[in-house]
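Asker: Have a look at the structure that comes next, please.
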Amino acid sequence: MKKRWFKSMGALVAGMVLLTACGAEESGSEADDQTNETTEEAPATEGTEEILIGASQIVEHPSLDAAFEGFKSALADNGFVEGENTTYDFQSAQGDQNNANTIATNFVGNQVDLIFANSTPSSLAALNATNDIPIVFTSVTDAVGAGLVSSLDEPGENITGVLDLHPESIEMTIEFISANFPEATIGTIYNAGEQNSVAQIEAVEAAIEGTDLTLVTRTVSTSAEVQQAATTLVGDIDLFYIVTDNTVVSALETVAAVGSDYQIPLIVGEPDSLDRGGFATYGIDYYTIGYRAGEMAAEILKGEKTTSDIPVEIPPSMTLMINKENAEAQGVTWNEEWDSIAEFVNQD
């Protein structure tokens, strides 16, 4: 791993200039004096190590942003403090895979010490760009299916990370819907170009088998198409269920507005979306998974472990979380059982 010793290197270069100026004819005593001058500067710069981290995410939205904040906090808690000895080159791909590829290529060209890849597209771009620079990812749902790792236990030579989907999350969400919205038709919207989303929709389809629920889907390519897709579902569905699709989540407010206008409950795939219109979720905390990814990165940067030593991890826990204000706006009939089993957001 390349380290940056800017001040130390400066001292070394200064010493070399001084030695060159001395010339071969200078006396031994003069040379000794100048050598001592060089070595006197070294102690003041020992340990001045600059770490450069390339941080890439496919788009900016609260969940991914929270994961990045968690990542930085974990590194700071382990001695890698932004502005002191650590610099982040943060780049958003603005929802474009081509941009993600360019960002990853630039990180390699700039010889960053580690890449934090925040989303499946960003992780794929990083892995395609380098076999050498360590990559730590999060906000990835299906690392094996996406081709990022061959297995969770043995991730690979230069990549590991933390998933954003608890293995029971979708199954428990479908159980929640079946229990509280019997015989409902579920409407969902996703970007078929996101492996992250395709894997989740397949999991939803598997979970509703044997229930009294029905699934209707719409696909989009950009966030600008989300509102129209939501509108076309009105009249055909009883509730929305939006998984952690980056394209749709980045425009979630438009789905929530349709839900409020037509009294259609909106169930979401992660807690941050409850602040942006979602009514309920069985979700995980993105700050937490980002923090764990940061702890992995710290171990790698300290030289304590390599990426291949660290298995890919799943989120440690999940909770039923509800936003009462959004539930009321979307015409949800309250179940008093939720008062004892759910965690509520935005409550005074």
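Labels for the structure tokens follow display order: chains A, B, ..., residues from 1 in each chain, ligands from 1.
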I'd like the neighbourhood of region 232-234 of chain A as a PDB file with all heavy atoms, in the first residue's frame, where a residue qualifies if any of its atoms comes within 12 Å (using only C-alpha atoms), though same-chain residues fewer than 6 positions away should be ignored.
Answerer:
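Final output, selection-v4.pdb:
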ATOM      1  N   THR A 185     -52.853  -5.765  -3.362  1.00  0.00           N
ATOM      2  CA  THR A 185     -52.002  -5.741  -4.547  1.00  0.00           C
ATOM      3  C   THR A 185     -50.890  -4.727  -4.296  1.00  0.00           C
ATOM      4  O   THR A 185     -51.157  -3.549  -4.043  1.00  0.00           O
ATOM      5  CB  THR A 185     -52.795  -5.344  -5.799  1.00  0.00           C
ATOM      6  OG1 THR A 185     -53.796  -6.326  -6.043  1.00  0.00           O
ATOM      7  CG2 THR A 185     -51.882  -5.254  -7.011  1.00  0.00           C
ATOM      8  N   ILE A 186     -49.653  -5.202  -4.344  1.00  0.00           N
ATOM      9  CA  ILE A 186     -48.482  -4.368  -4.045  1.00  0.00           C
ATOM     10  C   ILE A 186     -47.934  -3.801  -5.355  1.00  0.00           C
ATOM     11  O   ILE A 186     -47.721  -4.531  -6.323  1.00  0.00           O
ATOM     12  CB  ILE A 186     -47.383  -5.201  -3.364  1.00  0.00           C
ATOM     13  CG1 ILE A 186     -47.915  -5.885  -2.104  1.00  0.00           C
ATOM     14  CG2 ILE A 186     -46.165  -4.340  -3.053  1.00  0.00           C
ATOM     15  CD1 ILE A 186     -46.961  -6.939  -1.542  1.00  0.00           C
ATOM     16  N   GLY A 187     -47.686  -2.504  -5.361  1.00  0.00           N
ATOM     17  CA  GLY A 187     -47.050  -1.875  -6.519  1.00  0.00           C
ATOM     18  C   GLY A 187     -45.622  -1.495  -6.190  1.00  0.00           C
ATOM     19  O   GLY A 187     -45.360  -0.915  -5.124  1.00  0.00           O
ATOM     20  N   THR A 188     -44.698  -1.831  -7.065  1.00  0.00           N
ATOM     21  CA  THR A 188     -43.310  -1.435  -6.827  1.00  0.00           C
ATOM     22  C   THR A 188     -42.692  -0.886  -8.105  1.00  0.00           C
ATOM     23  O   THR A 188     -43.142  -1.208  -9.217  1.00  0.00           O
ATOM     24  CB  THR A 188     -42.471  -2.614  -6.302  1.00  0.00           C
ATOM     25  OG1 THR A 188     -41.230  -2.119  -5.808  1.00  0.00           O
ATOM     26  CG2 THR A 188     -42.193  -3.642  -7.396  1.00  0.00           C
ATOM     27  N   ILE A 189     -41.686  -0.059  -7.938  1.00  0.00           N
ATOM     28  CA  ILE A 189     -40.971   0.574  -9.051  1.00  0.00           C
ATOM     29  C   ILE A 189     -39.480   0.339  -8.825  1.00  0.00           C
ATOM     30  O   ILE A 189     -38.994   0.501  -7.696  1.00  0.00           O
ATOM     31  CB  ILE A 189     -41.252   2.097  -9.094  1.00  0.00           C
ATOM     32  CG1 ILE A 189     -42.752   2.373  -9.067  1.00  0.00           C
ATOM     33  CG2 ILE A 189     -40.623   2.733 -10.343  1.00  0.00           C
ATOM     34  CD1 ILE A 189     -43.090   3.827  -8.752  1.00  0.00           C
ATOM     35  N   LEU A 215     -48.264  -8.910  -6.808  1.00  0.00           N
ATOM     36  CA  LEU A 215     -47.236  -7.897  -7.077  1.00  0.00           C
ATOM     37  C   LEU A 215     -47.380  -7.348  -8.497  1.00  0.00           C
ATOM     38  O   LEU A 215     -47.506  -8.110  -9.465  1.00  0.00           O
ATOM     39  CB  LEU A 215     -45.834  -8.506  -6.919  1.00  0.00           C
ATOM     40  CG  LEU A 215     -44.660  -7.563  -7.147  1.00  0.00           C
ATOM     41  CD1 LEU A 215     -44.601  -6.506  -6.050  1.00  0.00           C
ATOM     42  CD2 LEU A 215     -43.335  -8.337  -7.203  1.00  0.00           C
ATOM     43  N   VAL A 216     -47.360  -6.015  -8.606  1.00  0.00           N
ATOM     44  CA  VAL A 216     -47.363  -5.330  -9.901  1.00  0.00           C
ATOM     45  C   VAL A 216     -46.106  -4.462  -9.963  1.00  0.00           C
ATOM     46  O   VAL A 216     -45.830  -3.725  -9.001  1.00  0.00           O
ATOM     47  CB  VAL A 216     -48.621  -4.455 -10.086  1.00  0.00           C
ATOM     48  CG1 VAL A 216     -48.573  -3.724 -11.427  1.00  0.00           C
ATOM     49  CG2 VAL A 216     -49.873  -5.295  -9.985  1.00  0.00           C
ATOM     50  N   THR A 217     -45.352  -4.526 -11.047  1.00  0.00           N
ATOM     51  CA  THR A 217     -44.089  -3.782 -11.119  1.00  0.00           C
ATOM     52  C   THR A 217     -44.090  -2.774 -12.266  1.00  0.00           C
ATOM     53  O   THR A 217     -44.794  -2.942 -13.268  1.00  0.00           O
ATOM     54  CB  THR A 217     -42.894  -4.732 -11.314  1.00  0.00           C
ATOM     55  OG1 THR A 217     -43.024  -5.391 -12.575  1.00  0.00           O
ATOM     56  CG2 THR A 217     -42.817  -5.759 -10.204  1.00  0.00           C
ATOM     57  N   ARG A 218     -43.280  -1.745 -12.082  1.00  0.00           N
ATOM     58  CA  ARG A 218     -42.942  -0.792 -13.138  1.00  0.00           C
ATOM     59  C   ARG A 218     -41.422  -0.604 -13.095  1.00  0.00           C
ATOM     60  O   ARG A 218     -40.834  -0.552 -12.009  1.00  0.00           O
ATOM     61  CB  ARG A 218     -43.625   0.559 -12.927  1.00  0.00           C
ATOM     62  CG  ARG A 218     -45.136   0.527 -13.010  1.00  0.00           C
ATOM     63  CD  ARG A 218     -45.624   0.368 -14.448  1.00  0.00           C
ATOM     64  NE  ARG A 218     -47.080   0.518 -14.521  1.00  0.00           N
ATOM     65  CZ  ARG A 218     -47.952  -0.470 -14.328  1.00  0.00           C
ATOM     66  NH1 ARG A 218     -47.502  -1.679 -14.036  1.00  0.00           N
ATOM     67  NH2 ARG A 218     -49.261  -0.249 -14.398  1.00  0.00           N
ATOM     68  N   THR A 219     -40.800  -0.473 -14.246  1.00  0.00           N
ATOM     69  CA  THR A 219     -39.362  -0.228 -14.284  1.00  0.00           C
ATOM     70  C   THR A 219     -39.084   1.173 -14.824  1.00  0.00           C
ATOM     71  O   THR A 219     -39.850   1.703 -15.649  1.00  0.00           O
ATOM     72  CB  THR A 219     -38.623  -1.259 -15.155  1.00  0.00           C
ATOM     73  OG1 THR A 219     -39.140  -1.202 -16.487  1.00  0.00           O
ATOM     74  CG2 THR A 219     -38.792  -2.657 -14.599  1.00  0.00           C
ATOM     75  N   GLU A 225     -38.254   9.527 -14.274  1.00  0.00           N
ATOM     76  CA  GLU A 225     -39.379   8.692 -14.722  1.00  0.00           C
ATOM     77  C   GLU A 225     -40.214   8.151 -13.558  1.00  0.00           C
ATOM     78  O   GLU A 225     -41.258   7.527 -13.778  1.00  0.00           O
ATOM     79  CB  GLU A 225     -38.839   7.509 -15.547  1.00  0.00           C
ATOM     80  CG  GLU A 225     -38.048   7.926 -16.780  1.00  0.00           C
ATOM     81  CD  GLU A 225     -37.358   6.737 -17.443  1.00  0.00           C
ATOM     82  OE1 GLU A 225     -37.524   5.604 -16.949  1.00  0.00           O
ATOM     83  OE2 GLU A 225     -36.647   6.944 -18.434  1.00  0.00           O
ATOM     84  N   VAL A 226     -39.767   8.402 -12.321  1.00  0.00           N
ATOM     85  CA  VAL A 226     -40.386   7.754 -11.166  1.00  0.00           C
ATOM     86  C   VAL A 226     -41.821   8.225 -10.933  1.00  0.00           C
ATOM     87  O   VAL A 226     -42.728   7.422 -10.703  1.00  0.00           O
ATOM     88  CB  VAL A 226     -39.532   7.987  -9.906  1.00  0.00           C
ATOM     89  CG1 VAL A 226     -40.247   7.465  -8.661  1.00  0.00           C
ATOM     90  CG2 VAL A 226     -38.176   7.309 -10.065  1.00  0.00           C
ATOM     91  N   PHE A 240     -47.799   0.888  -1.991  1.00  0.00           N
ATOM     92  CA  PHE A 240     -46.474   0.880  -2.623  1.00  0.00           C
ATOM     93  C   PHE A 240     -45.490   0.162  -1.706  1.00  0.00           C
ATOM     94  O   PHE A 240     -45.544   0.305  -0.480  1.00  0.00           O
ATOM     95  CB  PHE A 240     -45.940   2.298  -2.829  1.00  0.00           C
ATOM     96  CG  PHE A 240     -46.613   3.089  -3.906  1.00  0.00           C
ATOM     97  CD1 PHE A 240     -47.425   4.178  -3.583  1.00  0.00           C
ATOM     98  CD2 PHE A 240     -46.424   2.785  -5.247  1.00  0.00           C
ATOM     99  CE1 PHE A 240     -48.035   4.930  -4.577  1.00  0.00           C
ATOM    100  CE2 PHE A 240     -47.026   3.534  -6.248  1.00  0.00           C
ATOM    101  CZ  PHE A 240     -47.832   4.608  -5.907  1.00  0.00           C
ATOM    102  N   TYR A 241     -44.582  -0.589  -2.301  1.00  0.00           N
ATOM    103  CA  TYR A 241     -43.421  -1.129  -1.565  1.00  0.00           C
ATOM    104  C   TYR A 241     -42.186  -0.831  -2.424  1.00  0.00           C
ATOM    105  O   TYR A 241     -41.997  -1.434  -3.470  1.00  0.00           O
ATOM    106  CB  TYR A 241     -43.589  -2.631  -1.338  1.00  0.00           C
ATOM    107  CG  TYR A 241     -42.389  -3.310  -0.680  1.00  0.00           C
ATOM    108  CD1 TYR A 241     -41.486  -2.604   0.119  1.00  0.00           C
ATOM    109  CD2 TYR A 241     -42.183  -4.682  -0.844  1.00  0.00           C
ATOM    110  CE1 TYR A 241     -40.414  -3.238   0.712  1.00  0.00           C
ATOM    111  CE2 TYR A 241     -41.105  -5.330  -0.239  1.00  0.00           C
ATOM    112  CZ  TYR A 241     -40.217  -4.596   0.532  1.00  0.00           C
ATOM    113  OH  TYR A 241     -39.143  -5.219   1.129  1.00  0.00           O
ATOM    114  N   VAL A 255     -43.084   9.585  -5.161  1.00  0.00           N
ATOM    115  CA  VAL A 255     -43.934   8.427  -4.860  1.00  0.00           C
ATOM    116  C   VAL A 255     -44.793   8.736  -3.628  1.00  0.00           C
ATOM    117  O   VAL A 255     -45.995   8.437  -3.598  1.00  0.00           O
ATOM    118  CB  VAL A 255     -43.093   7.167  -4.610  1.00  0.00           C
ATOM    119  CG1 VAL A 255     -43.996   5.957  -4.366  1.00  0.00           C
ATOM    120  CG2 VAL A 255     -42.162   6.890  -5.784  1.00  0.00           C
ATOM    121  N   ALA A 257     -45.813  11.596  -2.624  1.00  0.00           N
ATOM    122  CA  ALA A 257     -46.861  12.566  -2.983  1.00  0.00           C
ATOM    123  C   ALA A 257     -48.036  11.858  -3.643  1.00  0.00           C
ATOM    124  O   ALA A 257     -49.199  12.156  -3.342  1.00  0.00           O
ATOM    125  CB  ALA A 257     -46.279  13.624  -3.916  1.00  0.00           C
ATOM    126  N   VAL A 258     -47.756  10.901  -4.499  1.00  0.00           N
ATOM    127  CA  VAL A 258     -48.829  10.123  -5.125  1.00  0.00           C
ATOM    128  C   VAL A 258     -49.572   9.327  -4.051  1.00  0.00           C
ATOM    129  O   VAL A 258     -50.815   9.238  -4.057  1.00  0.00           O
ATOM    130  CB  VAL A 258     -48.252   9.179  -6.210  1.00  0.00           C
ATOM    131  CG1 VAL A 258     -49.350   8.251  -6.745  1.00  0.00           C
ATOM    132  CG2 VAL A 258     -47.643   9.988  -7.344  1.00  0.00           C
ATOM    133  N   GLY A 259     -48.817   8.776  -3.092  1.00  0.00           N
ATOM    134  CA  GLY A 259     -49.438   8.027  -2.008  1.00  0.00           C
ATOM    135  C   GLY A 259     -50.381   8.883  -1.178  1.00  0.00           C
ATOM    136  O   GLY A 259     -51.483   8.439  -0.813  1.00  0.00           O
ATOM    137  N   SER A 260     -49.968  10.095  -0.878  1.00  0.00           N
ATOM    138  CA  SER A 260     -50.827  10.995  -0.095  1.00  0.00           C
ATOM    139  C   SER A 260     -52.034  11.439  -0.897  1.00  0.00           C
ATOM    140  O   SER A 260     -53.154  11.504  -0.383  1.00  0.00           O
ATOM    141  CB  SER A 260     -50.004  12.208   0.365  1.00  0.00           C
ATOM    142  OG  SER A 260     -48.985  11.812   1.248  1.00  0.00           O
ATOM    143  N   ASP A 261     -51.822  11.750  -2.156  1.00  0.00           N
ATOM    144  CA  ASP A 261     -52.929  12.237  -3.000  1.00  0.00           C
ATOM    145  C   ASP A 261     -54.018  11.183  -3.174  1.00  0.00           C
ATOM    146  O   ASP A 261     -55.207  11.519  -3.259  1.00  0.00           O
ATOM    147  CB  ASP A 261     -52.393  12.657  -4.376  1.00  0.00           C
ATOM    148  CG  ASP A 261     -51.571  13.934  -4.312  1.00  0.00           C
ATOM    149  OD1 ASP A 261     -51.653  14.639  -3.281  1.00  0.00           O
ATOM    150  OD2 ASP A 261     -50.833  14.216  -5.271  1.00  0.00           O
ATOM    151  N   TYR A 262     -53.594   9.917  -3.254  1.00  0.00           N
ATOM    152  CA  TYR A 262     -54.567   8.850  -3.560  1.00  0.00           C
ATOM    153  C   TYR A 262     -54.748   7.872  -2.393  1.00  0.00           C
ATOM    154  O   TYR A 262     -55.340   6.812  -2.568  1.00  0.00           O
ATOM    155  CB  TYR A 262     -54.120   8.097  -4.819  1.00  0.00           C
ATOM    156  CG  TYR A 262     -54.144   8.964  -6.059  1.00  0.00           C
ATOM    157  CD1 TYR A 262     -53.004   9.645  -6.486  1.00  0.00           C
ATOM    158  CD2 TYR A 262     -55.318   9.112  -6.793  1.00  0.00           C
ATOM    159  CE1 TYR A 262     -53.026  10.458  -7.619  1.00  0.00           C
ATOM    160  CE2 TYR A 262     -55.354   9.916  -7.934  1.00  0.00           C
ATOM    161  CZ  TYR A 262     -54.188  10.588  -8.337  1.00  0.00           C
ATOM    162  OH  TYR A 262     -54.223  11.386  -9.457  1.00  0.00           O
ATOM    163  N   GLN A 263     -54.245   8.255  -1.190  1.00  0.00           N
ATOM    164  CA  GLN A 263     -54.418   7.432   0.019  1.00  0.00           C
ATOM    165  C   GLN A 263     -53.875   6.013  -0.186  1.00  0.00           C
ATOM    166  O   GLN A 263     -54.552   5.013   0.079  1.00  0.00           O
ATOM    167  CB  GLN A 263     -55.893   7.401   0.437  1.00  0.00           C
ATOM    168  CG  GLN A 263     -56.450   8.780   0.771  1.00  0.00           C
ATOM    169  CD  GLN A 263     -55.870   9.317   2.083  1.00  0.00           C
ATOM    170  OE1 GLN A 263     -56.367   8.990   3.146  1.00  0.00           O
ATOM    171  NE2 GLN A 263     -54.817  10.124   2.000  1.00  0.00           N
ATOM    172  N   ILE A 264     -52.643   5.946  -0.666  1.00  0.00           N
ATOM    173  CA  ILE A 264     -51.963   4.660  -0.878  1.00  0.00           C
ATOM    174  C   ILE A 264     -50.768   4.598   0.065  1.00  0.00           C
ATOM    175  O   ILE A 264     -49.828   5.385  -0.070  1.00  0.00           O
ATOM    176  CB  ILE A 264     -51.479   4.520  -2.339  1.00  0.00           C
ATOM    177  CG1 ILE A 264     -52.650   4.663  -3.314  1.00  0.00           C
ATOM    178  CG2 ILE A 264     -50.790   3.170  -2.530  1.00  0.00           C
ATOM    179  CD1 ILE A 264     -52.215   4.703  -4.776  1.00  0.00           C
ATOM    180  N   PRO A 265     -50.759   3.681   1.036  1.00  0.00           N
ATOM    181  CA  PRO A 265     -49.621   3.571   1.959  1.00  0.00           C
ATOM    182  C   PRO A 265     -48.315   3.262   1.210  1.00  0.00           C
ATOM    183  O   PRO A 265     -48.318   2.502   0.235  1.00  0.00           O
ATOM    184  CB  PRO A 265     -50.018   2.407   2.873  1.00  0.00           C
ATOM    185  CG  PRO A 265     -51.513   2.318   2.764  1.00  0.00           C
ATOM    186  CD  PRO A 265     -51.844   2.730   1.363  1.00  0.00           C
TER     187      PRO A 265
END
Asker: Name the residues of region 203-326 of chain A that come out as strand (DSSP E) in a backbone DSSP run; write them as a compact mmCIF listing (two decimals) with all heavy atoms, in the first residue's frame.
Answerer:
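Written output follows (result_18.txt):
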# COMPACT_ATOMS: atom_id res chain seq x y z
N THR A 214 -50.52 -9.90 -4.24
CA THR A 214 -50.19 -9.84 -5.66
C THR A 214 -49.17 -8.72 -5.87
O THR A 214 -49.24 -7.69 -5.20
CB THR A 214 -51.45 -9.56 -6.51
OG1 THR A 214 -52.43 -10.56 -6.22
CG2 THR A 214 -51.13 -9.58 -8.00
N LEU A 215 -48.26 -8.91 -6.81
CA LEU A 215 -47.24 -7.90 -7.08
C LEU A 215 -47.38 -7.35 -8.50
O LEU A 215 -47.51 -8.11 -9.46
CB LEU A 215 -45.83 -8.51 -6.92
CG LEU A 215 -44.66 -7.56 -7.15
CD1 LEU A 215 -44.60 -6.51 -6.05
CD2 LEU A 215 -43.34 -8.34 -7.20
N VAL A 216 -47.36 -6.02 -8.61
CA VAL A 216 -47.36 -5.33 -9.90
C VAL A 216 -46.11 -4.46 -9.96
O VAL A 216 -45.83 -3.73 -9.00
CB VAL A 216 -48.62 -4.45 -10.09
CG1 VAL A 216 -48.57 -3.72 -11.43
CG2 VAL A 216 -49.87 -5.29 -9.98
N THR A 217 -45.35 -4.53 -11.05
CA THR A 217 -44.09 -3.78 -11.12
C THR A 217 -44.09 -2.77 -12.27
O THR A 217 -44.79 -2.94 -13.27
CB THR A 217 -42.89 -4.73 -11.31
OG1 THR A 217 -43.02 -5.39 -12.58
CG2 THR A 217 -42.82 -5.76 -10.20
N ARG A 218 -43.28 -1.75 -12.08
CA ARG A 218 -42.94 -0.79 -13.14
C ARG A 218 -41.42 -0.60 -13.09
O ARG A 218 -40.83 -0.55 -12.01
CB ARG A 218 -43.62 0.56 -12.93
CG ARG A 218 -45.14 0.53 -13.01
CD ARG A 218 -45.62 0.37 -14.45
NE ARG A 218 -47.08 0.52 -14.52
CZ ARG A 218 -47.95 -0.47 -14.33
NH1 ARG A 218 -47.50 -1.68 -14.04
NH2 ARG A 218 -49.26 -0.25 -14.40
N THR A 219 -40.80 -0.47 -14.25
CA THR A 219 -39.36 -0.23 -14.28
C THR A 219 -39.08 1.17 -14.82
O THR A 219 -39.85 1.70 -15.65
CB THR A 219 -38.62 -1.26 -15.15
OG1 THR A 219 -39.14 -1.20 -16.49
CG2 THR A 219 -38.79 -2.66 -14.60
N LEU A 239 -51.08 -0.65 -2.12
CA LEU A 239 -49.97 0.02 -1.43
C LEU A 239 -48.71 -0.05 -2.29
O LEU A 239 -48.60 -0.90 -3.18
CB LEU A 239 -49.72 -0.62 -0.06
CG LEU A 239 -49.43 -2.12 0.01
CD1 LEU A 239 -47.95 -2.40 -0.18
CD2 LEU A 239 -49.92 -2.68 1.34
N PHE A 240 -47.80 0.89 -1.99
CA PHE A 240 -46.47 0.88 -2.62
C PHE A 240 -45.49 0.16 -1.71
O PHE A 240 -45.54 0.31 -0.48
CB PHE A 240 -45.94 2.30 -2.83
CG PHE A 240 -46.61 3.09 -3.91
CD1 PHE A 240 -47.43 4.18 -3.58
CD2 PHE A 240 -46.42 2.79 -5.25
CE1 PHE A 240 -48.03 4.93 -4.58
CE2 PHE A 240 -47.03 3.53 -6.25
CZ PHE A 240 -47.83 4.61 -5.91
N TYR A 241 -44.58 -0.59 -2.30
CA TYR A 241 -43.42 -1.13 -1.56
C TYR A 241 -42.19 -0.83 -2.42
O TYR A 241 -42.00 -1.43 -3.47
CB TYR A 241 -43.59 -2.63 -1.34
CG TYR A 241 -42.39 -3.31 -0.68
CD1 TYR A 241 -41.49 -2.60 0.12
CD2 TYR A 241 -42.18 -4.68 -0.84
CE1 TYR A 241 -40.41 -3.24 0.71
CE2 TYR A 241 -41.11 -5.33 -0.24
CZ TYR A 241 -40.22 -4.60 0.53
OH TYR A 241 -39.14 -5.22 1.13
N ILE A 242 -41.37 0.12 -1.95
CA ILE A 242 -40.17 0.53 -2.68
C ILE A 242 -38.95 -0.04 -1.97
O ILE A 242 -38.68 0.31 -0.82
CB ILE A 242 -40.07 2.08 -2.76
CG1 ILE A 242 -41.32 2.66 -3.44
CG2 ILE A 242 -38.80 2.47 -3.52
CD1 ILE A 242 -41.56 2.18 -4.86
N LEU A 266 -47.22 3.86 1.72
CA LEU A 266 -45.90 3.66 1.12
C LEU A 266 -44.99 2.94 2.12
O LEU A 266 -44.62 3.52 3.14
CB LEU A 266 -45.28 5.00 0.72
CG LEU A 266 -43.81 5.00 0.30
CD1 LEU A 266 -43.57 4.06 -0.89
CD2 LEU A 266 -43.35 6.42 -0.04
N ILE A 267 -44.66 1.69 1.82
CA ILE A 267 -43.72 0.92 2.63
C ILE A 267 -42.36 0.96 1.94
O ILE A 267 -42.27 0.80 0.71
CB ILE A 267 -44.23 -0.52 2.82
CG1 ILE A 267 -45.52 -0.48 3.66
CG2 ILE A 267 -43.18 -1.40 3.49
CD1 ILE A 267 -46.19 -1.82 3.83
N VAL A 268 -41.30 1.17 2.72
CA VAL A 268 -39.98 1.39 2.14
C VAL A 268 -38.98 0.36 2.66
O VAL A 268 -39.26 -0.39 3.59
CB VAL A 268 -39.49 2.82 2.44
CG1 VAL A 268 -40.34 3.83 1.67
CG2 VAL A 268 -39.56 3.12 3.94
N ALA A 280 -43.71 2.79 6.71
CA ALA A 280 -43.17 1.72 7.55
C ALA A 280 -42.03 1.01 6.83
O ALA A 280 -41.95 1.04 5.59
CB ALA A 280 -44.27 0.72 7.91
N THR A 281 -41.15 0.39 7.62
CA THR A 281 -40.07 -0.41 7.06
C THR A 281 -39.57 -1.42 8.07
O THR A 281 -39.65 -1.18 9.29
CB THR A 281 -38.89 0.47 6.61
OG1 THR A 281 -37.93 -0.34 5.93
CG2 THR A 281 -38.20 1.13 7.81
N TYR A 282 -39.10 -2.54 7.59
CA TYR A 282 -38.24 -3.41 8.37
C TYR A 282 -36.84 -3.13 7.83
O TYR A 282 -36.42 -3.69 6.83
CB TYR A 282 -38.59 -4.89 8.18
CG TYR A 282 -39.57 -5.41 9.18
CD1 TYR A 282 -40.92 -5.57 8.85
CD2 TYR A 282 -39.16 -5.73 10.47
CE1 TYR A 282 -41.83 -6.05 9.78
CE2 TYR A 282 -40.07 -6.21 11.41
CZ TYR A 282 -41.40 -6.37 11.06
OH TYR A 282 -42.30 -6.83 11.99
N GLY A 283 -36.15 -2.24 8.46
CA GLY A 283 -34.92 -1.79 7.84
C GLY A 283 -33.73 -1.81 8.77
O GLY A 283 -33.82 -2.15 9.95
N THR A 319 -35.35 -3.56 12.60
CA THR A 319 -36.47 -3.20 13.47
C THR A 319 -37.64 -2.73 12.62
O THR A 319 -37.44 -2.09 11.58
CB THR A 319 -36.05 -2.06 14.42
OG1 THR A 319 -34.89 -2.47 15.15
CG2 THR A 319 -37.16 -1.71 15.39
N LEU A 320 -38.88 -3.03 13.07
CA LEU A 320 -40.05 -2.42 12.44
C LEU A 320 -40.08 -0.95 12.86
O LEU A 320 -40.14 -0.63 14.05
CB LEU A 320 -41.33 -3.12 12.89
CG LEU A 320 -42.64 -2.45 12.42
CD1 LEU A 320 -42.74 -2.44 10.91
CD2 LEU A 320 -43.86 -3.14 13.04
N MET A 321 -40.04 -0.06 11.89
CA MET A 321 -40.03 1.37 12.17
C MET A 321 -41.19 2.02 11.41
O MET A 321 -41.46 1.67 10.26
CB MET A 321 -38.70 1.99 11.74
CG MET A 321 -37.50 1.32 12.39
SD MET A 321 -35.92 1.98 11.85
CE MET A 321 -35.92 3.56 12.69
N ILE A 322 -41.86 2.97 12.08
CA ILE A 322 -43.06 3.58 11.51
C ILE A 322 -43.00 5.09 11.68
O ILE A 322 -42.58 5.60 12.71
CB ILE A 322 -44.33 3.02 12.20
CG1 ILE A 322 -44.54 1.54 11.80
CG2 ILE A 322 -45.56 3.83 11.82
CD1 ILE A 322 -45.72 0.88 12.48
Asker: Write out as a VMD selection string the residues lying within 6 Å of Tyr287 (chain A), counting only C-alpha atoms and excluding same-chain residues fewer than 6 positions away.
Answerer: chain A and resid 66 to 67 70
Asker: Determine the nearest neighbour of Ser63 (chain A) from the options A:Ile208, A:Thr120, A:Tyr286, A:Phe80, counting only C-alpha atoms.
Answerer: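 Answer, going by the shortest atom-to-atom distance: A:Tyr286.
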Asker: Ala251 (chain A): which residues within 7 Å, counting only C-alpha atoms, same-chain residues fewer than 3 positions away excluded, as a PyMOL selection string?
Answerer: chain A and resi 223+226+248+254
Asker: Would you save the residues of that selection, restricted to all heavy atoms, as a PDB file, in the first residue's frame?
Answerer:
ATOM      1  N   SER A 223     -34.350   8.783 -12.453  1.00  0.00           N
ATOM      2  CA  SER A 223     -35.226   9.277 -11.391  1.00  0.00           C
ATOM      3  C   SER A 223     -36.338  10.157 -11.944  1.00  0.00           C
ATOM      4  O   SER A 223     -37.401  10.287 -11.332  1.00  0.00           O
ATOM      5  CB  SER A 223     -34.398  10.043 -10.351  1.00  0.00           C
ATOM      6  OG  SER A 223     -33.700  11.109 -10.954  1.00  0.00           O
ATOM      7  N   VAL A 226     -39.767   8.402 -12.321  1.00  0.00           N
ATOM      8  CA  VAL A 226     -40.386   7.754 -11.166  1.00  0.00           C
ATOM      9  C   VAL A 226     -41.821   8.225 -10.933  1.00  0.00           C
ATOM     10  O   VAL A 226     -42.728   7.422 -10.703  1.00  0.00           O
ATOM     11  CB  VAL A 226     -39.532   7.987  -9.906  1.00  0.00           C
ATOM     12  CG1 VAL A 226     -40.247   7.465  -8.661  1.00  0.00           C
ATOM     13  CG2 VAL A 226     -38.176   7.309 -10.065  1.00  0.00           C
ATOM     14  N   VAL A 248     -34.942   5.012  -7.678  1.00  0.00           N
ATOM     15  CA  VAL A 248     -36.268   5.368  -7.158  1.00  0.00           C
ATOM     16  C   VAL A 248     -36.158   6.091  -5.822  1.00  0.00           C
ATOM     17  O   VAL A 248     -36.852   7.097  -5.590  1.00  0.00           O
ATOM     18  CB  VAL A 248     -37.144   4.112  -7.036  1.00  0.00           C
ATOM     19  CG1 VAL A 248     -38.535   4.493  -6.508  1.00  0.00           C
ATOM     20  CG2 VAL A 248     -37.278   3.421  -8.389  1.00  0.00           C
ATOM     21  N   THR A 254     -41.615  11.920  -4.797  1.00  0.00           N
ATOM     22  CA  THR A 254     -42.667  11.902  -5.817  1.00  0.00           C
ATOM     23  C   THR A 254     -43.610  10.718  -5.611  1.00  0.00           C
ATOM     24  O   THR A 254     -44.822  10.834  -5.845  1.00  0.00           O
ATOM     25  CB  THR A 254     -42.060  11.843  -7.231  1.00  0.00           C
ATOM     26  OG1 THR A 254     -41.299  10.633  -7.375  1.00  0.00           O
ATOM     27  CG2 THR A 254     -41.136  13.026  -7.477  1.00  0.00           C
TER      28      THR A 254
END
Asker: Give me the region 177-294 of chain A side of the contact with region 83-94 of chain A, cut-off 12 Å, one line per residue showing its nearest atom pair and distance in Å at one decimal, counting only C-alpha atoms, sorted by chain and residue number, as CSV.
Answerer:
residue,atom,partner,partner_atom,distance
A:Thr222,CA,A:Gln94,CA,10.4
A:Ser223,CA,A:Gln94,CA,10.4
A:Asn246,CA,A:Gln94,CA,10.5
A:Thr247,CA,A:Gln94,CA,9.8
A:Ser250,CA,A:Gln94,CA,10.1
